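Q: Let me give you the structure first, and then I'll get to my questions.
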Protein chains: 2
Amino acid sequence: MSQETLFTRIINGQIPGKFVHRDEDIVAIRDINPQAPTHVLVIPVKPLPSLAEAGPEDEALLGRLLLTAKRVAEQEGLAEGGYRLVINVGGQGGQTVPHLHVHLLGGRQMTWPPG
Amino acid sequence: MSQETLFTRIINGQIPGKFVHRDEDIVAIRDINPQAPTHVLVIPVKPLPSLAEAGPEDEALLGRLLLTAKRVAEQEGLAEGGYRLVINVGGQGGQTVPHLHVHLLGGRQMTWPPG
């Protein structure tokens with residue numbers, strides 16, 4: 001079975017995406033249905049279906065995913081005001097694309113509970 | 001200035017906490033104001049004020065933080081249904097304790113937007 005996901009197709013240029021970061025291992029694109037003034041998805045190029053499928057061999061990649069989200073937040077001018085990162089895993093988590101991604105939301109006051 | 005936070009005091013046993021995981025670098029405790037049937041905080045022992053203060057030297061620790069959250073989710077019986085991880089950074093992110101922590105929420109359908 002193909003591991004091709006919506007995000008893999010965007011990364012490969014088959015579907016357009018608004019990139020705000022791109023390196024060998026991680027990309028960041030704007031969410032097409034933003035829930036805050038800034039809403040970016042930070043995505044590993046490696047098509048892990050979700051965090052549930054990540055293993056110890058992915059430790060460095062997962063760390064870099066969070067550090068990249070932090071850097072994109074700075075780039076988006078959110079360092080001072082603050083921001084929220086969200087990772088949805090599976091159905092009850094609200095995950096809709098089976099390719100691990102971190103939501104970065106900011107530019108408004110985030111509320112509690114987080115959905 | 002002391003780097004002692006509420007979480008440091010719980011980790012040191014000065015304040016009681018309900019631990020669901022504990023190793024040298026990372027602990028997990030139940031949130032005292034749960035927003036879902038399972039609501040656990042996964043916390044590095046190192047008192048980073050927030051993700052904004054994490055640097056490249058913290059890459060492995062951040063990766064392990066996510067892998068530990070995943071393992072606690074499995075331990076809590078959330079692997080099949082799914083779950084959500086949330087990291088709040090600064091005021092607009094809704095961060096209330098200045099010590100980096102990951103919220104793990106599950107056991108109910110999480111909604112969108114995430115707060």
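To be explicit about the labels: the chains of the structure tokens are called A, B, and onward in the order shown, and within each one the residues are counted from 1, while ligands get numbers from 1 in the order they are shown.
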Please identify all residues of chain B having at least one atom at most 9 Å from any atom of chain A, considering only C-alpha atoms, and return them as a count of residues only.
A: 48
Q: Which of chain B counts as strand (DSSP E) under DSSP, as a VMD selection string please?
A: chain B and resid 19 to 22 26 to 30 38 to 44 83 to 89 102 to 106
Q: What's the separation between atom CA of Pro44 of chain A and atom CA of Glu76 of chain A, in Å to one decimal place?
A: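 It comes out at 19.4 Å.
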Q: Please, what distance in Å, to one decimal, runs between atom CA of Gln75 of chain A and atom CA of His99 of chain B?
A: 22.8 Å
Q: For a test of reading the model, state the distance in Å between atom CA of Thr38 of chain A and atom CA of Arg22 of chain A, rounded to one decimal.
A: 17.4 Å
Q: List as a PDB file with N, CA, C and O atoms, in the first residue's frame the protein and nucleic acid residues near Val27 of chain B, meaning an atom at most 9 Å away when only C-alpha atoms are counted, but skip any in the same chain fewer than 3 places from it.
A:
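Dumped to selection-v5.pdb:
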```pdb
ATOM      1  N   ILE B  11       7.810  17.379  41.893  1.00  0.00           N
ATOM      2  CA  ILE B  11       8.840  16.386  41.559  1.00  0.00           C
ATOM      3  C   ILE B  11       9.706  16.082  42.779  1.00  0.00           C
ATOM      4  O   ILE B  11      10.067  14.932  43.040  1.00  0.00           O
ATOM      5  N   PHE B  19       1.481  10.640  40.485  1.00  0.00           N
ATOM      6  CA  PHE B  19       2.402  10.264  39.413  1.00  0.00           C
ATOM      7  C   PHE B  19       1.870   9.062  38.637  1.00  0.00           C
ATOM      8  O   PHE B  19       1.438   8.081  39.227  1.00  0.00           O
ATOM      9  N   VAL B  20       1.937   9.153  37.307  1.00  0.00           N
ATOM     10  CA  VAL B  20       1.609   7.991  36.472  1.00  0.00           C
ATOM     11  C   VAL B  20       2.849   7.526  35.707  1.00  0.00           C
ATOM     12  O   VAL B  20       2.839   6.470  35.075  1.00  0.00           O
ATOM     13  N   HIS B  21       3.924   8.328  35.771  1.00  0.00           N
ATOM     14  CA  HIS B  21       5.209   7.942  35.183  1.00  0.00           C
ATOM     15  C   HIS B  21       6.296   8.730  35.894  1.00  0.00           C
ATOM     16  O   HIS B  21       6.077   9.871  36.309  1.00  0.00           O
ATOM     17  N   ARG B  22       7.456   8.101  36.005  1.00  0.00           N
ATOM     18  CA  ARG B  22       8.582   8.793  36.638  1.00  0.00           C
ATOM     19  C   ARG B  22       9.884   8.153  36.183  1.00  0.00           C
ATOM     20  O   ARG B  22      10.091   6.960  36.388  1.00  0.00           O
ATOM     21  N   ASP B  23      10.755   8.924  35.538  1.00  0.00           N
ATOM     22  CA  ASP B  23      12.114   8.461  35.302  1.00  0.00           C
ATOM     23  C   ASP B  23      13.054   9.619  35.611  1.00  0.00           C
ATOM     24  O   ASP B  23      12.628  10.645  36.164  1.00  0.00           O
ATOM     25  N   GLU B  24      14.317   9.456  35.288  1.00  0.00           N
ATOM     26  CA  GLU B  24      15.326  10.436  35.668  1.00  0.00           C
ATOM     27  C   GLU B  24      15.055  11.822  35.049  1.00  0.00           C
ATOM     28  O   GLU B  24      15.343  12.855  35.656  1.00  0.00           O
ATOM     29  N   LEU B  41      -0.225  15.557  32.816  1.00  0.00           N
ATOM     30  CA  LEU B  41       0.825  16.503  32.429  1.00  0.00           C
ATOM     31  C   LEU B  41       2.151  15.759  32.352  1.00  0.00           C
ATOM     32  O   LEU B  41       2.533  15.084  33.312  1.00  0.00           O
ATOM     33  N   VAL B  42       2.831  15.856  31.221  1.00  0.00           N
ATOM     34  CA  VAL B  42       4.127  15.209  31.032  1.00  0.00           C
ATOM     35  C   VAL B  42       5.182  16.315  31.101  1.00  0.00           C
ATOM     36  O   VAL B  42       5.117  17.284  30.329  1.00  0.00           O
ATOM     37  N   ILE B  43       6.105  16.185  32.047  1.00  0.00           N
ATOM     38  CA  ILE B  43       6.956  17.319  32.459  1.00  0.00           C
ATOM     39  C   ILE B  43       8.426  16.915  32.512  1.00  0.00           C
ATOM     40  O   ILE B  43       8.770  15.924  33.160  1.00  0.00           O
ATOM     41  N   PRO B  44       9.302  17.677  31.854  1.00  0.00           N
ATOM     42  CA  PRO B  44      10.728  17.406  32.030  1.00  0.00           C
ATOM     43  C   PRO B  44      11.168  17.837  33.429  1.00  0.00           C
ATOM     44  O   PRO B  44      10.718  18.866  33.932  1.00  0.00           O
ATOM     45  N   VAL B  45      12.053  17.054  34.038  1.00  0.00           N
ATOM     46  CA  VAL B  45      12.590  17.446  35.345  1.00  0.00           C
ATOM     47  C   VAL B  45      13.366  18.763  35.204  1.00  0.00           C
ATOM     48  O   VAL B  45      13.290  19.634  36.071  1.00  0.00           O
ATOM     49  N   THR B  68       7.307   9.816  25.630  1.00  0.00           N
ATOM     50  CA  THR B  68       6.769   9.472  26.952  1.00  0.00           C
ATOM     51  C   THR B  68       5.265   9.734  27.004  1.00  0.00           C
ATOM     52  O   THR B  68       4.503   8.929  27.549  1.00  0.00           O
TER      53      THR B  68
END
```
Q: For Ile29 of chain A, which residue among A:Leu48, A:Val72, A:Pro98, A:Glu4 is the nearest when counting only C-alpha atoms?
A: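 Nearest candidate to Ile29 of chain A out of A:Leu48, A:Val72, A:Pro98, A:Glu4: A:Val72.
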Q: Enumerate the residues of segment 48-106 of chain B with a DSSP assignment of alpha helix (DSSP H), computed from the backbone, and present them as a PyMOL selection string.
A: chain B and resi 59-75+90-93
